[in-house]
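Shown below: model_25.txt, with compact mmCIF, C-alpha atoms and all ligand atoms.
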```txt
# COMPACT_ATOMS: atom_id res chain seq x y z
CA MET F 32 0.00 0.00 0.00
CA SER F 33 1.46 3.39 -0.96
CA ALA F 34 1.66 6.11 1.68
CA LEU F 35 -0.82 9.00 1.78
CA VAL F 36 1.22 12.12 1.00
CA LEU F 37 0.32 15.17 3.09
CA GLY F 38 1.35 18.83 3.16
CA ILE F 39 1.57 21.11 6.20
CA ALA F 40 1.08 24.88 6.07
CA GLY F 41 2.73 26.58 9.05
CA SER F 42 5.22 23.74 9.39
CA GLY F 43 7.58 25.70 11.66
CA GLY F 44 4.85 26.75 14.11
CA ARG F 45 3.77 25.09 17.36
CA MET F 46 1.11 22.98 15.65
CA GLY F 47 3.22 22.56 12.51
CA ARG F 48 5.96 20.83 14.49
CA ALA F 49 3.46 18.58 16.27
CA LEU F 50 2.09 17.63 12.84
CA VAL F 51 5.55 16.90 11.41
CA GLU F 52 6.11 14.51 14.32
CA ALA F 53 2.68 12.85 13.96
CA ILE F 54 3.22 12.27 10.22
CA ALA F 55 6.80 11.06 10.68
CA MET F 56 5.58 8.48 13.24
CA ALA F 57 2.73 7.13 11.05
CA PRO F 58 3.75 4.29 8.69
CA ASP F 59 0.84 5.02 6.30
CA LEU F 60 1.72 8.71 5.86
CA ARG F 61 4.49 10.70 4.18
CA LEU F 62 5.22 14.42 4.35
CA GLY F 63 5.50 15.77 0.79
CA LEU F 64 5.21 19.50 1.43
CA ALA F 65 6.19 21.74 4.35
CA LEU F 66 5.15 25.37 3.83
CA GLU F 67 6.35 28.50 5.57
CA GLN F 68 6.31 32.23 4.75
CA ALA F 69 8.90 33.35 2.15
CA ASP F 70 10.90 35.32 4.75
CA SER F 71 10.86 32.55 7.37
CA PRO F 72 14.26 31.44 8.70
CA PHE F 73 13.04 27.85 8.24
CA ILE F 74 12.98 28.06 4.41
CA GLY F 75 15.35 25.45 2.94
CA ARG F 76 15.62 23.48 6.20
CA ASP F 77 14.47 19.88 6.52
CA PRO F 78 11.22 19.85 8.59
CA GLY F 79 12.40 16.70 10.41
CA ASP F 80 15.65 18.32 11.59
CA TRP F 81 14.26 19.40 14.95
CA LEU F 82 13.17 15.79 15.60
CA GLY F 83 16.66 14.55 14.75
CA ALA F 84 15.06 12.58 11.90
CA PRO F 85 15.44 14.33 8.51
CA LEU F 86 12.57 13.64 6.11
CA GLY F 87 14.40 14.39 2.86
CA ILE F 88 12.39 17.48 1.86
CA ALA F 89 13.02 21.20 2.26
CA ILE F 90 10.63 23.76 3.78
CA THR F 91 9.34 26.01 0.98
CA SER F 92 6.94 28.91 0.37
CA ASP F 93 5.96 27.59 -3.08
CA VAL F 94 2.42 26.33 -2.51
CA GLN F 95 1.68 25.93 -6.24
CA ALA F 96 4.55 23.54 -6.98
CA GLY F 97 4.17 21.87 -3.59
CA LEU F 98 0.52 20.91 -3.99
CA GLU F 99 1.47 18.78 -7.00
CA ARG F 100 3.28 16.51 -4.53
CA CYS F 101 0.53 15.96 -1.94
CA ALA F 102 -3.08 14.79 -1.72
CA VAL F 103 -4.23 16.85 1.28
CA LEU F 104 -3.00 20.11 2.82
CA ILE F 105 -3.25 20.53 6.62
CA ASP F 106 -3.27 24.20 7.56
CA PHE F 107 -2.64 25.64 11.04
CA THR F 108 -1.56 29.23 10.29
CA ARG F 109 -3.49 32.53 10.32
CA PRO F 110 -6.80 33.35 8.60
CA GLN F 111 -5.40 35.23 5.57
CA ALA F 112 -2.72 32.60 4.94
CA THR F 113 -5.33 29.83 5.20
CA LEU F 114 -7.56 31.58 2.65
CA ASP F 115 -4.61 31.93 0.24
CA HIS F 116 -3.84 28.22 0.64
CA LEU F 117 -7.54 27.42 0.21
CA ALA F 118 -7.59 29.15 -3.19
CA ALA F 119 -4.56 27.09 -4.25
CA CYS F 120 -6.20 23.85 -3.04
CA VAL F 121 -9.35 24.64 -5.05
CA GLN F 122 -7.20 25.33 -8.11
CA HIS F 123 -5.30 22.03 -7.71
CA ARG F 124 -8.36 20.07 -6.55
CA ARG F 125 -6.75 19.02 -3.25
CA GLY F 126 -8.57 18.22 0.00
CA MET F 127 -7.88 20.44 2.99
CA VAL F 128 -7.83 20.14 6.79
CA ILE F 129 -8.19 23.57 8.40
CA GLY F 130 -7.32 24.02 12.08
CA THR F 131 -6.70 27.76 12.00
CA THR F 132 -8.98 29.91 14.19
CA GLY F 133 -9.90 33.60 14.26
CA PHE F 134 -11.90 33.74 11.00
CA SER F 135 -14.51 36.49 10.51
CA ALA F 136 -18.03 35.50 9.43
CA ALA F 137 -17.18 36.53 5.84
CA GLU F 138 -14.02 34.40 5.89
CA LYS F 139 -15.97 31.39 7.21
CA ALA F 140 -18.41 31.89 4.32
CA GLN F 141 -15.46 31.72 1.86
CA ILE F 142 -14.46 28.34 3.31
CA GLN F 143 -18.06 27.09 3.01
CA GLU F 144 -18.15 28.24 -0.61
CA ALA F 145 -14.87 26.48 -1.43
CA SER F 146 -16.27 23.27 0.07
CA GLN F 147 -18.63 23.08 -2.90
CA GLU F 148 -15.54 22.29 -4.97
CA ILE F 149 -13.20 20.34 -2.67
CA PRO F 150 -13.61 18.29 0.53
CA ILE F 151 -12.69 20.31 3.64
CA VAL F 152 -12.51 19.32 7.30
CA CYS F 153 -12.61 22.53 9.31
CA ALA F 154 -12.72 22.50 13.12
CA PRO F 155 -11.38 24.90 15.75
CA ASN F 156 -10.38 21.93 17.90
CA MET F 157 -9.36 18.53 16.53
CA SER F 158 -9.14 16.65 19.83
CA VAL F 159 -11.44 13.70 20.51
CA GLY F 160 -12.30 15.18 23.92
CA VAL F 161 -13.60 18.50 22.61
CA THR F 162 -15.54 16.74 19.84
CA VAL F 163 -17.33 14.67 22.51
CA ALA F 164 -17.71 17.74 24.76
CA LEU F 165 -19.58 19.56 21.97
CA ALA F 166 -22.08 16.69 21.78
CA LEU F 167 -22.46 16.68 25.59
CA LEU F 168 -23.00 20.43 25.62
CA GLU F 169 -25.89 20.16 23.19
CA ARG F 170 -27.55 17.51 25.38
CA ALA F 171 -26.86 19.33 28.65
CA THR F 172 -28.37 22.54 27.32
CA GLN F 173 -31.51 20.68 26.21
CA TRP F 174 -31.87 18.79 29.49
CA LEU F 175 -31.10 21.52 32.02
CA PRO F 176 -33.70 24.21 32.88
CA ALA F 177 -33.79 27.02 30.33
CA ASP F 178 -33.18 29.64 33.07
CA TYR F 179 -29.69 28.29 33.91
CA ASP F 180 -27.07 30.91 33.04
CA LEU F 181 -24.45 29.97 30.44
CA GLU F 182 -20.84 31.11 30.92
CA ILE F 183 -17.76 30.02 28.92
CA THR F 184 -14.19 30.35 30.20
CA GLU F 185 -11.02 29.56 28.27
CA ALA F 186 -7.28 29.74 29.03
CA HIS F 187 -4.36 29.57 26.59
CA HIS F 188 -0.62 30.24 26.37
CA ARG F 189 0.78 33.78 26.12
CA HIS F 190 1.46 33.49 22.36
CA LYS F 191 -2.14 33.02 21.25
CA VAL F 192 -3.31 35.90 19.03
CA ASP F 193 -7.10 35.43 18.83
CA ALA F 194 -9.74 35.68 21.57
CA PRO F 195 -12.02 34.13 22.55
CA SER F 196 -10.57 30.88 21.22
CA GLY F 197 -12.19 29.23 18.23
CA THR F 198 -13.21 26.36 20.51
CA ALA F 199 -14.92 28.68 23.02
CA LEU F 200 -16.84 30.33 20.18
CA ARG F 201 -17.85 26.94 18.77
CA MET F 202 -19.05 25.88 22.25
CA GLY F 203 -21.01 29.12 22.38
CA GLU F 204 -22.61 28.40 19.01
CA VAL F 205 -23.63 24.92 20.15
CA VAL F 206 -25.27 26.02 23.41
CA ALA F 207 -26.85 29.08 21.77
CA LYS F 208 -28.37 26.91 19.04
CA ALA F 209 -29.69 24.44 21.62
CA ARG F 210 -31.48 27.37 23.32
CA GLY F 211 -32.81 28.64 19.95
CA TRP F 212 -30.57 31.73 20.15
CA ASN F 213 -28.20 33.35 17.64
CA LEU F 214 -24.74 33.65 19.26
CA PRO F 215 -23.81 37.13 17.91
CA GLU F 216 -27.03 38.53 19.47
CA VAL F 217 -26.43 37.07 22.96
CA ALA F 218 -22.62 36.92 23.40
CA VAL F 219 -21.03 39.13 26.08
CA TYR F 220 -17.25 39.29 25.64
CA GLY F 221 -16.05 40.42 29.07
CA ARG F 222 -17.52 42.69 31.75
CA GLN F 223 -16.23 45.78 33.54
CA GLY F 224 -17.59 48.56 35.73
CA THR F 225 -21.22 48.92 36.85
CA THR F 226 -22.67 46.25 34.64
CA GLY F 227 -25.99 45.82 36.46
CA PRO F 228 -27.54 42.39 37.04
CA ARG F 229 -26.88 39.70 34.47
CA PRO F 230 -29.45 39.72 31.63
CA SER F 231 -30.86 36.20 31.28
CA ARG F 232 -30.65 35.92 27.49
CA THR F 233 -26.83 36.16 27.36
CA ILE F 234 -23.79 33.89 27.07
CA GLY F 235 -20.72 35.26 28.82
CA PHE F 236 -17.14 34.63 27.65
CA ALA F 237 -14.02 35.05 29.79
CA THR F 238 -10.48 34.74 28.39
CA VAL F 239 -7.25 33.99 30.29
CA ARG F 240 -3.82 34.23 28.59
CA GLY F 241 -0.50 33.22 30.10
CA GLY F 242 2.49 30.91 30.26
CA ASP F 243 2.37 27.65 28.37
CA VAL F 244 -1.29 26.60 28.83
CA VAL F 245 -2.06 24.35 25.85
CA GLY F 246 -5.82 24.92 25.98
CA ASP F 247 -8.50 24.76 28.72
CA HIS F 248 -12.23 25.26 28.15
CA THR F 249 -15.12 25.22 30.63
CA VAL F 250 -18.81 25.75 29.97
CA SER F 251 -20.78 26.44 33.17
CA PHE F 252 -24.53 25.94 33.49
CA MET F 253 -25.42 27.99 36.56
CA GLY F 254 -28.74 27.73 38.36
CA GLU F 255 -30.09 28.59 41.83
CA GLY F 256 -28.47 26.06 44.20
CA GLU F 257 -26.28 24.18 41.72
CA ARG F 258 -23.77 24.52 38.92
CA LEU F 259 -22.80 21.99 36.25
CA GLU F 260 -19.43 22.47 34.53
CA ILE F 261 -18.15 20.66 31.44
CA THR F 262 -14.40 21.09 31.19
CA HIS F 263 -11.79 19.99 28.65
CA ARG F 264 -8.06 20.41 29.25
CA ALA F 265 -5.50 19.66 26.55
CA SER F 266 -2.12 18.67 27.98
CA ASN F 267 -0.15 18.53 24.73
CA ARG F 268 -0.47 19.51 21.06
CA ALA F 269 -0.09 15.91 19.87
CA THR F 270 -3.77 15.46 20.74
CA PHE F 271 -4.71 18.11 18.12
CA ALA F 272 -2.15 16.80 15.61
CA GLN F 273 -3.48 13.23 15.89
CA GLY F 274 -6.98 14.56 15.20
CA ALA F 275 -5.75 16.51 12.17
CA VAL F 276 -4.02 13.43 10.77
CA ARG F 277 -7.23 11.39 11.22
CA ALA F 278 -9.07 14.19 9.42
CA ALA F 279 -6.59 14.01 6.51
CA ARG F 280 -7.05 10.23 6.18
CA PHE F 281 -10.82 10.82 6.18
CA VAL F 282 -11.00 13.79 3.81
CA VAL F 283 -8.94 12.24 1.02
CA ASP F 284 -11.77 9.78 0.28
CA GLN F 285 -14.66 12.26 0.54
CA PRO F 286 -16.55 14.12 -2.17
CA ALA F 287 -16.54 17.94 -2.07
CA GLY F 288 -18.22 19.15 1.11
CA PHE F 289 -17.75 20.71 4.54
CA TYR F 290 -17.00 18.22 7.31
CA ASP F 291 -16.40 18.57 11.06
CA MET F 292 -14.60 16.32 13.53
CA ARG F 293 -17.83 14.52 14.39
CA SER F 294 -17.91 13.20 10.81
CA VAL F 295 -14.21 12.30 10.99
CA LEU F 296 -14.68 10.31 14.22
CA GLY F 297 -17.96 8.77 13.01
CA LEU F 298 -19.92 10.08 16.04
N1 LIG X 1 -7.98 23.19 15.40
C1 LIG X 1 -7.17 22.85 16.40
O1 LIG X 1 -7.25 21.72 16.95
C2 LIG X 1 -6.12 23.81 16.85
C3 LIG X 1 -6.04 25.05 16.25
N2 LIG X 1 -5.01 25.89 16.53
C4 LIG X 1 -4.94 27.09 15.73
O2 LIG X 1 -3.90 26.93 14.76
C5 LIG X 1 -3.33 28.19 14.45
C6 LIG X 1 -1.82 28.10 14.59
O3 LIG X 1 -1.50 27.92 15.96
P1 LIG X 1 0.03 27.76 16.42
O4 LIG X 1 0.67 26.63 15.71
O5 LIG X 1 0.01 27.76 17.91
O6 LIG X 1 0.62 29.14 15.91
P2 LIG X 1 2.13 29.49 15.51
O7 LIG X 1 2.22 30.99 15.48
O8 LIG X 1 3.08 28.73 16.35
O9 LIG X 1 2.26 28.92 14.04
C7 LIG X 1 1.64 29.53 12.92
C8 LIG X 1 2.49 29.22 11.73
O10 LIG X 1 1.87 29.80 10.57
C9 LIG X 1 2.82 30.59 9.92
N3 LIG X 1 2.19 31.71 9.22
C10 LIG X 1 1.71 32.84 9.75
N4 LIG X 1 1.26 33.67 8.79
C11 LIG X 1 1.50 33.01 7.63
C12 LIG X 1 1.31 33.37 6.27
N5 LIG X 1 0.77 34.56 5.94
N6 LIG X 1 1.67 32.48 5.33
C13 LIG X 1 2.20 31.29 5.67
N7 LIG X 1 2.44 30.92 6.94
C14 LIG X 1 2.09 31.79 7.91
C15 LIG X 1 3.74 31.09 11.01
O11 LIG X 1 4.96 31.54 10.47
P3 LIG X 1 5.78 32.74 11.20
O12 LIG X 1 6.23 32.16 12.49
O13 LIG X 1 6.89 33.01 10.22
O14 LIG X 1 4.81 33.86 11.35
C16 LIG X 1 3.88 29.83 11.84
O15 LIG X 1 4.81 28.95 11.31
C17 LIG X 1 -4.03 29.20 15.35
O16 LIG X 1 -5.08 29.81 14.65
C18 LIG X 1 -4.57 28.34 16.49
O17 LIG X 1 -5.67 28.91 17.14
C19 LIG X 1 -4.04 25.56 17.42
C20 LIG X 1 -4.08 24.36 18.07
C21 LIG X 1 -5.14 23.39 17.85
O1 LIG X 2 -4.05 28.62 19.73
C1 LIG X 2 -4.08 27.53 20.34
O2 LIG X 2 -3.09 27.09 20.94
C2 LIG X 2 -5.32 26.75 20.29
N1 LIG X 2 -6.28 27.17 19.54
C3 LIG X 2 -7.52 26.53 19.30
C4 LIG X 2 -8.68 27.46 19.57
O3 LIG X 2 -8.57 28.67 19.31
O4 LIG X 2 -9.73 26.99 20.00
C5 LIG X 2 -7.63 25.17 19.90
C6 LIG X 2 -6.81 24.89 21.11
O5 LIG X 2 -7.51 25.28 22.25
C7 LIG X 2 -5.42 25.48 21.05
```

Can the structure from this file be put into structure tokens for me?
Amino acid sequence: MSALVLGIAGSGGRMGRALVEAIAMAPDLRLGLALEQADSPFIGRDPGDWLGAPLGIAITSDVQAGLERCAVLIDFTRPQATLDHLAACVQHRRGMVIGTTGFSAAEKAQIQEASQEIPIVCAPNMSVGVTVALALLERATQWLPADYDLEITEAHHRHKVDAPSGTALRMGEVVAKARGWNLPEVAVYGRQGTTGPRPSRTIGFATVRGGDVVGDHTVSFMGEGERLEITHRASNRATFAQGAVRAARFVVDQPAGFYDMRSVLGL
């Protein structure tokens, strides 16, 4: 059986390195393309160097030539870079796994539109635990009394550039939908000063940034006399990388369409 050849956009980043390791360790996968920005100090280096296991390719910024060599591109970069790579994947008819967060509503619509032409797995969190948590959140919101207050807290490392996290926003969308609400109309992103009592039809978000926290998320359902909390804590980035690799194996066999991690995991 020949190996599935994958590409990584953002190969020198935190997630990029975790993905290089996950692909290098998988006997059914081969890394055919490692992308970085043209002015990156990593250009020309072997992406396996930092593992002490060279992979025989050089990091490049040439997405056009590179896509000829791989079946699926996994992208963990920044929104504009992801959209540039998306256009190239549509042009070359390559599947895509998108882990990047921080997209605007218009940018998300561009990804949806592209999924009419190529298969795309797009999820703000590729861990098994968060995928299951999203399903639990839907159920919990339906089962708990409708007057329980909904609050979402997330914590990440000091380098993270978007807030709230993509996962927190996705959790917000899930619980808002289960209540029959539209998240942008009910989200409260932080509080300060004389805020007055909490309006009932709201979902509060709180963001913590510091140190090396990989990613913690808690959704609290808060009633009179009790509180239910659903928490996920990631303790390393391999958990996201393993999910992204599973998504790549899945997406290569799919027709054009937009898929989430629930489809990938068959839940
Ligand atoms: N879905 C999921 O499961 C997860 C999603 N994420 C998301 O993945 C993204 C990346 O996270 P992380 O790896 O920590 O971030 P890093 O900053 O460590 O890595 C981002 C990489 O993308 C590169 N990059 C930035 N801009 C461009 C560009 N215009 N063109 C090409 N490459 C570019 C960076 O290069 P340079 O350093 O030169 O700028 C860097 O190598 C974030 O949006 C994060 O929220 C993170 C973890 C899990
Ligand atoms: O930037 C990160 O690190 C992470 N980003 C994702 C998000 O924004 O939800 C997922 C994970 O929590 C790590």

Check which residues of chain F sit at most 9 Å from ligand LIG 2 (chain X) using only C-alpha atoms and all ligand atoms, and return one row each with the closest pair of atoms and their distance in Å to one decimal, ordered by chain and rising number, as a Markdown table.
```
| residue | atom | partner | partner_atom | distance |
| --- | --- | --- | --- | --- |
| F:Arg45 | CA | X:LIG2 | O2 | 8.0 |
| F:Met46 | CA | X:LIG2 | O2 | 7.9 |
| F:Gly130 | CA | X:LIG2 | C3 | 7.6 |
| F:Thr131 | CA | X:LIG2 | C3 | 7.4 |
| F:Thr132 | CA | X:LIG2 | O3 | 5.3 |
| F:Gly133 | CA | X:LIG2 | O3 | 7.2 |
| F:Ala154 | CA | X:LIG2 | O4 | 8.7 |
| F:Pro155 | CA | X:LIG2 | O4 | 5.0 |
| F:Asn156 | CA | X:LIG2 | C5 | 4.7 |
| F:Met157 | CA | X:LIG2 | C5 | 7.6 |
| F:Ser158 | CA | X:LIG2 | C5 | 8.7 |
| F:Glu185 | CA | X:LIG2 | O5 | 8.2 |
| F:Ala186 | CA | X:LIG2 | O5 | 8.1 |
| F:His187 | CA | X:LIG2 | O2 | 6.3 |
| F:His188 | CA | X:LIG2 | O2 | 6.7 |
| F:His190 | CA | X:LIG2 | O1 | 7.8 |
| F:Lys191 | CA | X:LIG2 | O1 | 5.0 |
| F:Val192 | CA | X:LIG2 | O1 | 7.4 |
| F:Asp193 | CA | X:LIG2 | O3 | 6.9 |
| F:Ala194 | CA | X:LIG2 | O3 | 7.5 |
| F:Pro195 | CA | X:LIG2 | O3 | 7.2 |
| F:Ser196 | CA | X:LIG2 | O3 | 3.5 |
| F:Gly197 | CA | X:LIG2 | O4 | 3.8 |
| F:Thr198 | CA | X:LIG2 | O4 | 3.6 |
| F:Ala199 | CA | X:LIG2 | O4 | 6.2 |
| F:Leu200 | CA | X:LIG2 | O4 | 7.9 |
| F:Arg201 | CA | X:LIG2 | O4 | 8.2 |
| F:Val244 | CA | X:LIG2 | O2 | 8.1 |
| F:Val245 | CA | X:LIG2 | O2 | 5.7 |
| F:Gly246 | CA | X:LIG2 | O5 | 4.1 |
| F:Asp247 | CA | X:LIG2 | O5 | 6.6 |
| F:His248 | CA | X:LIG2 | O5 | 7.6 |
| F:Arg264 | CA | X:LIG2 | O5 | 8.5 |
| F:Ala265 | CA | X:LIG2 | O5 | 7.4 |
| F:Arg268 | CA | X:LIG2 | C7 | 7.8 |
| F:Phe271 | CA | X:LIG2 | C6 | 7.7 |
```

To box ligand LIG 1 (chain X), take all atoms listed in the file, fit an axis-aligned box, add 4 Å on each side, and give centre and edge lengths in Å to one decimal, as JSON.
```
{"center_x": -0.5, "center_y": 28.1, "center_z": 11.7, "size_x": 22.9, "size_y": 20.8, "size_z": 20.7}
```

F:Val103 surroundings by all atoms listed in the file, 6 Å radius, close-in-sequence under 4 positions cut, as a list of chain:residue names:
F:Leu37, F:Arg125, F:Gly126, F:Met127

Let me make sure I understand: among F:Leu64, F:Ala272, F:Val94, F:Ala209, which one has the smallest atom-to-atom distance to F:Leu50 if we use only C-alpha atoms?
F:Ala272

Expressed in Å to a single decimal, how great is the separation between atom CA of F:Ala279 and atom CA of F:Leu104?
8.0 Å

For F:Trp81, which residue among F:Gly47, F:Pro286, F:Pro58, F:Pro228 is the nearest when counting all atoms listed in the file?
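Smallest separation from F:Trp81 among the options: F:Gly47.
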
One decimal, in Å: what's the spacing between atom CA of F:Gly274 and atom CA of F:Gly79?
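About the pair atom CA of F:Gly274 and atom CA of F:Gly79: they are 20.1 Å apart.
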
Compile the contact shell of stretch 109-124 of chain F as number ranges by chain: residues with an atom at most 12 Å away, counting only C-alpha atoms, same-chain residues fewer than 5 positions apart removed.
F: 38-41, 44, 46, 66-69, 92-104, 129-153, 155, 191-193, 197, 283, 286-287

For stretch 153-178 of chain F in the structure I just supplied, write out N, CA and C atoms - as a PDB file, in the first residue's frame.
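Everything below was put into result31.pdb:
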```
ATOM      1  N   CYS F 153     -12.960  21.274   8.648  1.00  0.00           N
ATOM      2  CA  CYS F 153     -12.613  22.534   9.314  1.00  0.00           C
ATOM      3  C   CYS F 153     -13.161  22.471  10.737  1.00  0.00           C
ATOM      4  N   ALA F 154     -12.271  22.568  11.715  1.00  0.00           N
ATOM      5  CA  ALA F 154     -12.719  22.500  13.116  1.00  0.00           C
ATOM      6  C   ALA F 154     -11.744  23.293  13.978  1.00  0.00           C
ATOM      7  N   PRO F 155     -12.266  24.101  14.906  1.00  0.00           N
ATOM      8  CA  PRO F 155     -11.383  24.899  15.750  1.00  0.00           C
ATOM      9  C   PRO F 155     -10.650  24.063  16.795  1.00  0.00           C
ATOM     10  N   ASN F 156     -11.062  22.807  16.935  1.00  0.00           N
ATOM     11  CA  ASN F 156     -10.384  21.934  17.904  1.00  0.00           C
ATOM     12  C   ASN F 156     -10.501  20.499  17.410  1.00  0.00           C
ATOM     13  N   MET F 157      -9.346  19.856  17.154  1.00  0.00           N
ATOM     14  CA  MET F 157      -9.359  18.532  16.528  1.00  0.00           C
ATOM     15  C   MET F 157      -9.189  17.412  17.542  1.00  0.00           C
ATOM     16  N   SER F 158      -9.278  17.717  18.831  1.00  0.00           N
ATOM     17  CA  SER F 158      -9.143  16.654  19.833  1.00  0.00           C
ATOM     18  C   SER F 158     -10.426  15.842  19.925  1.00  0.00           C
ATOM     19  N   VAL F 159     -10.276  14.565  20.293  1.00  0.00           N
ATOM     20  CA  VAL F 159     -11.441  13.703  20.515  1.00  0.00           C
ATOM     21  C   VAL F 159     -12.275  14.263  21.668  1.00  0.00           C
ATOM     22  N   GLY F 160     -11.592  14.722  22.719  1.00  0.00           N
ATOM     23  CA  GLY F 160     -12.301  15.182  23.918  1.00  0.00           C
ATOM     24  C   GLY F 160     -13.219  16.357  23.645  1.00  0.00           C
ATOM     25  N   VAL F 161     -12.735  17.341  22.878  1.00  0.00           N
ATOM     26  CA  VAL F 161     -13.598  18.501  22.605  1.00  0.00           C
ATOM     27  C   VAL F 161     -14.738  18.108  21.671  1.00  0.00           C
ATOM     28  N   THR F 162     -14.468  17.184  20.741  1.00  0.00           N
ATOM     29  CA  THR F 162     -15.542  16.737  19.839  1.00  0.00           C
ATOM     30  C   THR F 162     -16.670  16.105  20.656  1.00  0.00           C
ATOM     31  N   VAL F 163     -16.307  15.282  21.641  1.00  0.00           N
ATOM     32  CA  VAL F 163     -17.325  14.667  22.513  1.00  0.00           C
ATOM     33  C   VAL F 163     -17.972  15.743  23.399  1.00  0.00           C
ATOM     34  N   ALA F 164     -17.159  16.678  23.890  1.00  0.00           N
ATOM     35  CA  ALA F 164     -17.711  17.744  24.755  1.00  0.00           C
ATOM     36  C   ALA F 164     -18.784  18.541  24.019  1.00  0.00           C
ATOM     37  N   LEU F 165     -18.581  18.791  22.732  1.00  0.00           N
ATOM     38  CA  LEU F 165     -19.578  19.562  21.974  1.00  0.00           C
ATOM     39  C   LEU F 165     -20.920  18.830  21.936  1.00  0.00           C
ATOM     40  N   ALA F 166     -20.843  17.483  21.778  1.00  0.00           N
ATOM     41  CA  ALA F 166     -22.083  16.691  21.777  1.00  0.00           C
ATOM     42  C   ALA F 166     -22.743  16.729  23.161  1.00  0.00           C
ATOM     43  N   LEU F 167     -21.918  16.626  24.221  1.00  0.00           N
ATOM     44  CA  LEU F 167     -22.460  16.676  25.591  1.00  0.00           C
ATOM     45  C   LEU F 167     -23.101  18.028  25.882  1.00  0.00           C
ATOM     46  N   LEU F 168     -22.483  19.080  25.357  1.00  0.00           N
ATOM     47  CA  LEU F 168     -23.001  20.431  25.619  1.00  0.00           C
ATOM     48  C   LEU F 168     -24.392  20.613  25.024  1.00  0.00           C
ATOM     49  N   GLU F 169     -24.577  20.048  23.836  1.00  0.00           N
ATOM     50  CA  GLU F 169     -25.891  20.160  23.187  1.00  0.00           C
ATOM     51  C   GLU F 169     -26.948  19.488  24.078  1.00  0.00           C
ATOM     52  N   ARG F 170     -26.626  18.265  24.530  1.00  0.00           N
ATOM     53  CA  ARG F 170     -27.554  17.512  25.378  1.00  0.00           C
ATOM     54  C   ARG F 170     -27.809  18.231  26.703  1.00  0.00           C
ATOM     55  N   ALA F 171     -26.728  18.680  27.336  1.00  0.00           N
ATOM     56  CA  ALA F 171     -26.861  19.329  28.650  1.00  0.00           C
ATOM     57  C   ALA F 171     -27.743  20.571  28.542  1.00  0.00           C
ATOM     58  N   THR F 172     -27.563  21.323  27.472  1.00  0.00           N
ATOM     59  CA  THR F 172     -28.371  22.543  27.318  1.00  0.00           C
ATOM     60  C   THR F 172     -29.848  22.189  27.149  1.00  0.00           C
ATOM     61  N   GLN F 173     -30.107  21.099  26.408  1.00  0.00           N
ATOM     62  CA  GLN F 173     -31.507  20.685  26.208  1.00  0.00           C
ATOM     63  C   GLN F 173     -32.129  20.165  27.502  1.00  0.00           C
ATOM     64  N   TRP F 174     -31.314  19.461  28.310  1.00  0.00           N
ATOM     65  CA  TRP F 174     -31.867  18.790  29.489  1.00  0.00           C
ATOM     66  C   TRP F 174     -31.980  19.699  30.707  1.00  0.00           C
ATOM     67  N   LEU F 175     -31.072  20.659  30.828  1.00  0.00           N
ATOM     68  CA  LEU F 175     -31.101  21.519  32.022  1.00  0.00           C
ATOM     69  C   LEU F 175     -32.175  22.599  31.853  1.00  0.00           C
ATOM     70  N   PRO F 176     -32.669  23.151  32.975  1.00  0.00           N
ATOM     71  CA  PRO F 176     -33.695  24.207  32.877  1.00  0.00           C
ATOM     72  C   PRO F 176     -33.209  25.384  32.030  1.00  0.00           C
ATOM     73  N   ALA F 177     -34.139  25.955  31.288  1.00  0.00           N
ATOM     74  CA  ALA F 177     -33.790  27.021  30.333  1.00  0.00           C
ATOM     75  C   ALA F 177     -33.385  28.323  31.024  1.00  0.00           C
ATOM     76  N   ASP F 178     -33.603  28.398  32.385  1.00  0.00           N
ATOM     77  CA  ASP F 178     -33.181  29.636  33.069  1.00  0.00           C
ATOM     78  C   ASP F 178     -31.779  29.508  33.677  1.00  0.00           C
TER      79      ASP F 178
END
```
